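Containing mmCIF, C-alpha atoms: run-v1.cif.
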data_query
loop_
_atom_site.label_atom_id
_atom_site.label_comp_id
_atom_site.auth_asym_id
_atom_site.auth_seq_id
_atom_site.Cartn_x
_atom_site.Cartn_y
_atom_site.Cartn_z
CA MET A 1 0.00 0.00 0.00
CA ILE A 2 2.81 2.37 0.93
CA THR A 3 4.67 1.77 -2.32
CA TRP A 4 1.39 2.04 -4.22
CA VAL A 5 0.81 5.50 -2.71
CA TYR A 6 4.38 6.53 -3.45
CA ARG A 7 4.16 5.39 -7.07
CA HIS A 8 1.01 7.42 -7.60
CA LEU A 9 2.52 10.65 -6.35
CA PRO A 10 2.92 13.18 -9.16
CA GLY A 11 6.09 14.84 -10.36
CA PRO A 12 9.77 13.99 -10.63
CA LEU A 13 11.70 12.08 -7.98
CA ALA A 14 12.57 15.11 -5.80
CA VAL A 15 8.97 16.33 -5.73
CA ARG A 16 7.69 12.84 -4.97
CA LEU A 17 10.13 12.51 -2.08
CA VAL A 18 9.04 15.84 -0.60
CA LEU A 19 5.38 14.95 -1.04
CA ALA A 20 5.96 11.55 0.52
CA LEU A 21 7.67 13.19 3.49
CA MET A 22 4.82 15.66 3.94
CA LEU A 23 2.31 12.83 3.69
CA LEU A 24 4.23 10.89 6.32
CA VAL A 25 4.18 13.85 8.72
CA VAL A 26 0.43 14.31 8.19
CA VAL A 27 -0.19 10.62 8.85
CA LEU A 28 1.97 10.62 11.99
CA VAL A 29 0.28 13.73 13.40
CA GLY A 30 -3.12 12.22 12.62
CA LEU A 31 -2.14 8.98 14.32
CA HIS A 32 -0.89 10.92 17.36
CA PHE A 33 -4.24 12.61 17.83
CA PHE A 34 -6.12 9.36 17.18
CA TYR A 35 -3.99 7.44 19.68
CA THR A 36 -4.35 10.24 22.23
CA TRP A 37 -8.13 10.17 21.91
CA LEU A 38 -8.17 6.38 22.09
CA GLY A 39 -5.99 6.32 25.21
CA ASP A 40 -7.83 9.13 26.97
CA SER A 41 -11.19 7.54 26.22
CA PHE A 42 -10.58 3.92 27.07
CA LEU A 43 -7.19 3.23 28.62
CA ASP A 44 -6.66 5.91 31.25
CA THR A 45 -9.01 8.83 31.67
CA GLY A 46 -6.74 10.67 34.07
CA GLY A 47 -8.13 9.22 37.27
CA SER A 48 -10.50 12.07 38.02
CA VAL A 49 -13.99 11.35 39.33
CA GLY A 50 -17.24 12.87 38.19
CA MET B 1 1.27 -5.13 -1.60
CA THR B 2 -0.41 -7.64 -3.97
CA ASP B 3 0.88 -9.46 -7.03
CA SER B 4 -0.97 -7.07 -9.29
CA ASP B 5 0.82 -4.20 -7.56
CA THR B 6 4.14 -5.89 -8.18
CA THR B 7 3.31 -6.49 -11.81
CA GLU B 8 2.20 -2.91 -12.22
CA SER B 9 5.41 -1.73 -10.64
CA VAL B 10 7.56 -3.90 -12.92
CA ILE B 11 5.67 -2.69 -15.98
CA GLU B 12 6.18 0.92 -14.95
CA THR B 13 9.86 0.34 -14.36
CA LEU B 14 10.27 -1.47 -17.65
CA GLY B 15 8.42 1.29 -19.44
CA ALA B 16 10.66 3.89 -17.88
CA GLU B 17 13.70 1.89 -18.92
CA GLY B 18 12.48 1.70 -22.50
CA ALA B 19 11.48 -1.95 -22.62
CA SER B 20 9.64 -3.00 -25.72
CA ASP B 21 5.85 -2.88 -25.79
CA SER B 22 5.66 -6.59 -26.49
CA VAL B 23 7.49 -7.39 -23.26
CA ILE B 24 5.22 -5.08 -21.32
CA LYS B 25 2.09 -6.51 -22.92
CA GLU B 26 3.31 -10.01 -22.16
CA LEU B 27 3.76 -9.15 -18.52
CA ALA B 28 0.38 -7.46 -18.38
CA LYS B 29 -1.23 -10.64 -19.65
CA ARG B 30 0.20 -12.65 -16.77
CA PRO B 31 -2.79 -14.24 -15.04
CA LYS B 32 -3.78 -13.01 -11.61
CA PRO B 33 -3.60 -15.52 -8.76
CA PRO B 34 -6.84 -17.34 -7.93
CA LEU B 35 -9.45 -15.44 -5.91
CA GLY B 36 -8.93 -17.61 -2.83
CA ILE B 37 -5.24 -16.82 -2.68
CA ARG B 38 -5.90 -13.12 -3.22
CA ILE B 39 -8.42 -13.12 -0.36
CA VAL B 40 -6.00 -14.91 1.95
CA ARG B 41 -3.21 -12.50 1.02
CA GLY B 42 -5.45 -9.49 1.42
CA THR B 43 -6.61 -10.71 4.82
CA GLY B 44 -3.03 -11.33 5.83
CA TRP B 45 -1.93 -7.83 4.86
CA THR B 46 -4.96 -6.35 6.65
CA PHE B 47 -3.97 -8.09 9.86
CA ILE B 48 -0.38 -6.95 9.43
CA TYR B 49 -1.51 -3.32 9.04
CA LEU B 50 -3.83 -3.67 12.05
CA GLY B 51 -1.00 -5.17 14.06
CA VAL B 52 1.28 -2.27 13.17
CA LEU B 53 -1.47 0.19 14.16
CA ILE B 54 -2.02 -1.54 17.52
CA LEU B 55 1.71 -1.75 18.16
CA GLY B 56 1.94 1.95 17.36
CA PHE B 57 -0.84 2.64 19.87
CA VAL B 58 0.91 0.71 22.62
CA LEU B 59 4.25 2.42 21.95
CA HIS B 60 2.51 5.81 21.82
CA GLN B 61 0.79 5.29 25.16
CA LEU B 62 3.85 3.88 26.88
CA PHE B 63 6.56 6.15 25.53
CA VAL B 64 5.22 9.19 23.69
CA THR B 65 2.84 10.24 26.47
CA ASP B 66 5.63 9.67 29.01
CA PHE B 67 7.91 11.89 26.95
CA PHE B 68 5.39 14.77 27.03
CA ALA B 69 4.78 14.35 30.77
CA GLU B 70 8.49 14.20 31.58
CA ARG B 71 9.17 17.31 29.57
CA ALA B 72 6.33 19.12 31.35
CA GLN B 73 7.51 17.92 34.75
CA ASN B 74 11.03 19.24 34.16
CA ARG B 75 9.62 22.63 33.28
CA LEU B 76 7.18 22.64 36.20
CA ALA B 77 9.85 21.61 38.69
CA THR B 78 12.03 24.53 37.61
CA GLU B 79 9.06 26.88 37.78
CA LEU B 80 8.18 25.65 41.26
CA GLU B 81 11.76 25.93 42.52
CA GLU B 82 11.85 29.53 41.33
CA ARG B 83 8.71 30.19 43.31
CA ILE B 84 9.52 28.22 46.42
CA ASP B 85 12.81 27.91 48.23
CA PHE B 86 12.42 24.45 49.68
CA GLU B 87 15.62 24.77 51.70
CA ASP B 88 14.29 27.84 53.42
CA PRO B 89 10.57 28.09 52.77
CA THR B 90 9.07 31.50 53.36
CA PHE B 91 5.74 30.10 54.31
CA ALA B 92 3.21 31.94 56.30
CA VAL B 93 4.07 31.80 59.95
CA VAL B 94 1.47 32.18 62.62
CA GLU B 95 2.28 32.09 66.29
CA ILE B 96 -0.38 29.72 67.42
CA GLU B 97 -0.05 30.77 71.04
CA THR B 98 -0.61 34.44 70.35
CA GLY B 99 -2.49 34.05 67.11
CA VAL B 100 -0.37 36.70 65.43
CA ILE B 101 0.64 36.31 61.80
CA VAL B 102 4.34 37.05 61.71
CA GLU B 103 5.24 36.37 58.11
CA VAL B 104 3.46 36.25 54.82
CA PRO B 105 5.16 34.85 51.70
CA GLU B 106 5.79 37.39 48.96
CA ALA B 107 4.68 34.96 46.29
CA ALA B 108 1.19 35.02 47.71
CA GLY B 109 0.79 38.45 46.18
CA GLY B 110 -2.48 40.10 45.47
CA GLY B 111 -4.04 39.36 48.81
CA PRO B 112 -4.28 41.66 51.80
CA ASP B 113 -1.12 42.05 53.87
CA LEU B 114 -2.05 40.25 57.04
CA THR B 115 1.34 40.51 58.71
CA GLY B 116 0.90 41.43 62.33
CA SER B 117 -2.81 40.84 62.31
CA GLU B 118 -4.37 38.44 64.74
CA PHE B 119 -5.40 34.93 63.94
CA GLY B 120 -8.27 35.26 66.37
CA GLY B 121 -9.59 31.76 65.91
CA ALA B 122 -10.81 32.33 62.37
CA ILE B 123 -9.45 29.54 60.22
CA GLY B 124 -10.04 31.23 56.89
CA PRO B 125 -7.48 34.02 56.83
CA LEU B 126 -4.77 31.77 58.19
CA PHE B 127 -4.77 29.61 55.11
CA SER B 128 -5.56 32.17 52.51
CA PHE B 129 -1.92 33.09 52.00
CA GLU B 130 -1.53 30.95 48.97
CA ALA B 131 -3.03 32.89 46.12
CA VAL B 132 -5.49 30.83 44.11
CA PRO B 133 -3.27 29.41 41.37
CA ASP B 134 -4.04 29.60 37.69
CA LYS B 135 -4.92 26.36 35.93
CA GLY B 136 -1.81 24.56 34.78
CA ASP B 137 0.45 26.28 37.30
CA PRO B 138 2.59 24.12 39.58
CA ILE B 139 1.32 24.26 43.17
CA GLY B 140 3.57 21.85 45.02
CA ASN B 141 5.33 18.51 45.12
CA ILE B 142 3.76 15.30 46.31
CA ARG B 143 6.13 12.70 47.75
CA ILE B 144 5.20 9.16 48.76
CA PRO B 145 8.35 7.30 49.90
CA ASP B 146 6.66 3.89 50.13
CA ILE B 147 6.09 3.79 46.38
CA ASP B 148 9.04 6.00 45.45
CA LEU B 149 6.81 8.73 44.06
CA THR B 150 7.77 12.38 43.59
CA TRP B 151 5.69 14.54 41.28
CA THR B 152 5.02 18.19 40.78
CA VAL B 153 1.27 18.78 40.96
CA VAL B 154 -0.48 21.36 38.84
CA GLU B 155 -3.73 23.20 39.36
CA GLY B 156 -6.65 21.67 37.45
CA VAL B 157 -7.76 18.23 36.33
CA GLY B 158 -8.44 18.85 32.63
CA LEU B 159 -7.82 15.59 30.80
CA GLY B 160 -6.51 17.23 27.66
CA THR B 161 -4.49 19.88 29.47
CA GLU B 162 -3.37 19.76 33.11
CA LEU B 163 -3.34 16.00 33.63
CA LYS B 164 -0.99 15.61 30.69
CA LYS B 165 1.62 17.39 32.77
CA GLY B 166 1.28 15.05 35.73
CA ALA B 167 -1.03 14.95 38.70
CA GLY B 168 -3.62 17.71 39.05
CA HIS B 169 -5.42 19.34 41.96
CA TYR B 170 -9.22 19.51 41.84
CA PRO B 171 -9.89 23.27 41.77
CA LYS B 172 -13.11 22.99 43.73
CA THR B 173 -11.33 21.45 46.71
CA PRO B 174 -9.01 23.29 49.13
CA LEU B 175 -5.30 23.31 48.40
CA PRO B 176 -3.34 20.57 50.16
CA GLY B 177 -2.17 21.86 53.50
CA GLN B 178 -5.39 23.74 54.03
CA PRO B 179 -8.33 22.64 56.16
CA GLY B 180 -10.87 20.38 54.50
CA ASN B 181 -10.50 17.72 51.85
CA ALA B 182 -7.89 18.55 49.22
CA ALA B 183 -8.03 16.20 46.24
CA ILE B 184 -5.51 15.29 43.56
CA ALA B 185 -6.04 13.17 40.44
CA GLY B 186 -3.39 11.46 38.37
CA HIS B 187 -2.92 9.05 35.47
CA ARG B 188 -2.16 5.47 36.37
CA THR B 189 -0.72 4.11 33.14
CA THR B 190 0.00 6.95 30.75
CA TYR B 191 1.57 10.43 30.82
CA GLY B 192 4.30 9.35 33.18
CA ALA B 193 1.80 7.33 35.25
CA PRO B 194 2.26 9.37 38.44
CA PHE B 195 -0.10 7.13 40.39
CA HIS B 196 0.93 3.83 38.82
CA ASN B 197 1.70 2.16 42.16
CA LEU B 198 -0.93 3.87 44.25
CA GLY B 199 -2.65 0.51 44.77
CA GLU B 200 0.36 -0.68 46.75
CA LEU B 201 -0.20 1.93 49.44
CA GLU B 202 -1.32 0.56 52.76
CA VAL B 203 -3.01 2.21 55.70
CA GLY B 204 -0.34 4.01 57.70
CA ALA B 205 1.83 5.02 54.72
CA LEU B 206 3.07 8.60 54.72
CA ILE B 207 2.39 11.20 52.04
CA HIS B 208 4.38 14.43 52.03
CA TRP B 209 3.25 17.65 50.44
CA ASP B 210 5.79 20.44 49.78
CA SER B 211 4.32 23.80 48.92
CA LEU B 212 4.65 27.49 49.46
CA VAL B 213 3.64 27.10 53.09
CA GLY B 214 6.14 24.33 53.85
CA THR B 215 5.89 20.56 54.15
CA HIS B 216 2.77 18.82 55.33
CA THR B 217 2.68 15.12 56.15
CA TYR B 218 -0.42 12.98 55.77
CA VAL B 219 -0.96 9.40 56.81
CA VAL B 220 -3.07 7.03 54.72
CA ARG B 221 -6.28 6.12 56.53
CA GLU B 222 -8.24 4.30 53.84
CA VAL B 223 -7.81 2.86 50.34
CA LYS B 224 -10.90 1.93 48.37
CA ILE B 225 -12.31 1.31 44.90
CA VAL B 226 -15.30 3.28 43.64
CA GLN B 227 -17.16 3.97 40.42
CA PRO B 228 -15.95 6.92 38.28
CA SER B 229 -19.16 8.81 39.05
CA GLU B 230 -18.62 8.62 42.82
CA THR B 231 -17.98 12.33 43.41
CA SER B 232 -18.74 12.00 47.12
CA VAL B 233 -15.06 11.16 47.66
CA LEU B 234 -14.38 14.84 47.01
CA ASN B 235 -16.83 16.03 49.64
CA ASP B 236 -15.46 18.38 52.25
CA ARG B 237 -14.26 16.90 55.50
CA SER B 238 -13.47 18.33 58.87
CA GLY B 239 -9.79 18.49 59.74
CA GLY B 240 -7.06 18.25 57.11
CA TRP B 241 -7.35 15.57 54.44
CA LEU B 242 -5.67 14.67 51.19
CA THR B 243 -7.58 12.49 48.72
CA LEU B 244 -5.82 10.90 45.75
CA THR B 245 -7.79 9.50 42.82
CA THR B 246 -6.63 7.42 39.87
CA CYS B 247 -7.93 4.89 37.36
CA HIS B 248 -8.50 1.28 38.38
CA PRO B 249 -7.57 -1.36 37.46
CA LYS B 250 -4.35 -0.56 35.64
CA PHE B 251 -4.83 -0.09 31.89
CA SER B 252 -8.55 0.48 32.37
CA ALA B 253 -10.80 3.42 33.18
CA ARG B 254 -13.57 1.20 34.55
CA GLN B 255 -13.24 2.23 38.20
CA ARG B 256 -11.34 4.60 40.46
CA LEU B 257 -8.82 3.87 43.18
CA ILE B 258 -9.16 6.32 46.05
CA VAL B 259 -6.66 6.99 48.82
CA PHE B 260 -7.73 9.02 51.84
CA ALA B 261 -4.96 10.47 53.99
CA GLU B 262 -5.21 12.60 57.09
CA ILE B 263 -2.79 15.33 58.11
CA VAL B 264 -0.46 14.51 60.97
CA GLU B 265 2.29 17.10 60.66
CA GLY B 266 2.98 20.44 59.07
CA PRO B 267 2.68 24.19 59.35
CA ASN B 268 -0.45 25.31 61.13
CA LEU B 269 -1.33 21.75 62.06
CA GLU B 270 -2.90 22.77 65.31
CA ALA B 271 -5.16 25.24 63.64
CA MET B 272 -6.11 22.67 61.02
CA LEU B 273 -7.00 20.15 63.65
CA ALA B 274 -9.04 22.82 65.37
CA ASN B 275 -11.23 22.61 62.29
CA ALA B 276 -11.91 18.94 62.99
#
Let me see the file written as structure tokens.
Amino acid sequence: MITWVYRHLPGPLAVRLVLALMLLVVVLVGLHFFYTWLGDSFLDTGGSVG
Amino acid sequence: MTDSDTTESVIETLGAEGASDSVIKELAKRPKPPLGIRIVRGTGWTFIYLGVLILGFVLHQLFVTDFFAERAQNRLATELEERIDFEDPTFAVVEIETGVIVEVPEAAGGGPDLTGSEFGGAIGPLFSFEAVPDKGDPIGNIRIPDIDLTWTVVEGVGLGTELKKGAGHYPKTPLPGQPGNAAIAGHRTTYGAPFHNLGELEVGALIHWDSLVGTHTYVVREVKIVQPSETSVLNDRSGGWLTLTTCHPKFSARQRLIVFAEIVEGPNLEAMLANA
């Protein structure tokens, strides 16, 4: 899937590398927020009551 | 990646390298694997991706959240040290015998200067020296030697804000070291897990609280499990109490572990007990 995405990026090699890097950052940030929400909702809600 | 992906990739590469059309067409004609095999492969890759996602989640919760909490704690500890000289605390001093306030910490700021005024039996003014802190500000250090715990506590229990920095003080309860029931919440498994080993505390264990007004010592009186909606644990109490709350069991938010501790030592102890 990852190589499929990379192959379908437009432009020459340099542009594709930059785009791939940007895409990676976006995915990682998205995952961070998703994991944070998941953890805060189900794993450990901070221990507060009420 | 599937076989068709691989084929497509090879065709693209060959095309880029100037391979003849006949070679490319020949490759394109290569039959796809049977449906059953494609389903099995697809399922396999799906599980691999899910596994990577779950592994990422575990690593994120165990290490990334700890990283953020540790960074915040370092900053808060410095901030607190700048505010409080633990070696020589300038806490409010009241001569219990005469009831005269002899010293008021500068950091309290904003409040009336009560130096020289009389205590006169009124509990309120005695403990009002600590200015109400802003949310997110460090208010003191909690130390529990039995479980090797030392954390800087911040004001507020916002899940997405204060508790990510460590343990947080419930704003609607008195500050620790003041009369009544002061309550602190903390993560048990993530964000540095300040209260990870709170369940190991036994009745009689000591809890120390270092703040602007000096060091208070509490002794654990009760440890119990309640439902997350059980807000009665925060109810005010006579005397001086410290209530700690965290998730229970570990790696679950199903219940809450509550530790009740009563003050046994510290500045203005006598006056606090007079509130009992």
Hey, which bits of chain B sit within 9 Å of chain A, and for each residue what's the closest pair of atoms and how far apart in Å (one decimal), counting only C-alpha atoms, rows by chain and increasing number, as a tab-separated table?
residue	atom	partner	partner_atom	distance
B:Met1	CA	A:Met1	CA	5.5
B:Thr2	CA	A:Met1	CA	8.6
B:Asp5	CA	A:Trp4	CA	7.1
B:Ser9	CA	A:Arg7	CA	8.1
B:Leu53	CA	A:Leu31	CA	8.8
B:Gly56	CA	A:Tyr35	CA	8.4
B:Phe57	CA	A:Tyr35	CA	5.7
B:Val58	CA	A:Tyr35	CA	8.8
B:His60	CA	A:Tyr35	CA	7.0
B:Gln61	CA	A:Gly39	CA	6.9
B:Val64	CA	A:His32	CA	9.0
B:Thr65	CA	A:Thr36	CA	8.3
B:Val157	CA	A:Ser48	CA	7.0
B:Gly158	CA	A:Gly46	CA	8.5
B:Leu159	CA	A:Gly46	CA	6.0
B:Gly160	CA	A:Asp40	CA	8.2
B:Leu163	CA	A:Gly46	CA	6.3
B:Lys164	CA	A:Gly46	CA	8.3
B:Ala167	CA	A:Gly46	CA	8.5
B:Gly168	CA	A:Ser48	CA	9.0
B:Tyr170	CA	A:Ser48	CA	8.5
B:Ile184	CA	A:Ser48	CA	8.1
B:Ala185	CA	A:Ser48	CA	5.2
B:Gly186	CA	A:Gly47	CA	5.4
B:His187	CA	A:Gly46	CA	4.4
B:Arg188	CA	A:Asp44	CA	6.8
B:Thr189	CA	A:Asp44	CA	6.5
B:Thr190	CA	A:Asp44	CA	6.8
B:Tyr191	CA	A:Gly46	CA	8.9
B:Phe195	CA	A:Gly47	CA	8.9
B:Gln227	CA	A:Val49	CA	8.1
B:Pro228	CA	A:Val49	CA	5.0
B:Ser229	CA	A:Gly50	CA	4.6
B:Glu230	CA	A:Val49	CA	6.4
B:Thr231	CA	A:Gly50	CA	5.3
B:Val233	CA	A:Val49	CA	8.4
B:Leu234	CA	A:Val49	CA	8.4
B:Leu244	CA	A:Gly47	CA	8.9
B:Thr245	CA	A:Gly47	CA	5.6
B:Thr246	CA	A:Gly47	CA	3.5
B:Cys247	CA	A:Gly47	CA	4.3
B:His248	CA	A:Gly47	CA	8.0
B:Lys250	CA	A:Asp44	CA	8.2
B:Phe251	CA	A:Leu43	CA	5.2
B:Ser252	CA	A:Leu43	CA	4.8
B:Ala253	CA	A:Asp44	CA	5.2
B:Arg254	CA	A:Phe42	CA	8.5
B:Gln255	CA	A:Gly47	CA	8.7
B:Arg256	CA	A:Gly47	CA	6.5
B:Leu257	CA	A:Gly47	CA	8.0
Within 12 Å of file point (-3.5, 0.6, 51.2), counting all atoms listed in the file, expressed as a ChimeraX atom specification: /B:146-147,197-206,219-225,244,257-261
What's the separation between atom CA of Ala77 of chain B and atom CA of Pro138 of chain B, in Å to one decimal place? 7.7 Å
Show me as a ChimeraX atom specification the residues that reach within 8 Å of (-6.0, 24.4, 37.2), counting only C-alpha atoms and using the file's own coordinates. /B:133-137,154-158,162,168-171
Between B:Ser238, B:Thr243, B:Asn74, B:Thr150, which has the minimum distance to Pro179 of chain B (counting all atoms listed in the file)? B:Ser238
Please measure the separation of atom CA of Pro145 of chain B and atom CA of Pro174 of chain B, giving the value in Å to one decimal. 23.6 Å
Just the residues within 12 Å of Leu19 of chain A, please, counting only C-alpha atoms, with nothing from its chain fewer than 3 positions along; format it as a ChimeraX atom specification. /A:5-16,22-26
Go ahead and compute the interatomic distance for atom CA of Leu76 of chain B and atom CA of Leu28 of chain A, in Å to one decimal.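 Between these atoms lies a distance of 27.5 Å.
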Check what the PyMOL selection byres ((chain B and resi 180-182) around 6) selects in the file above and give those residues as a ChimeraX atom specification. /B:173-176,179,183,236-242
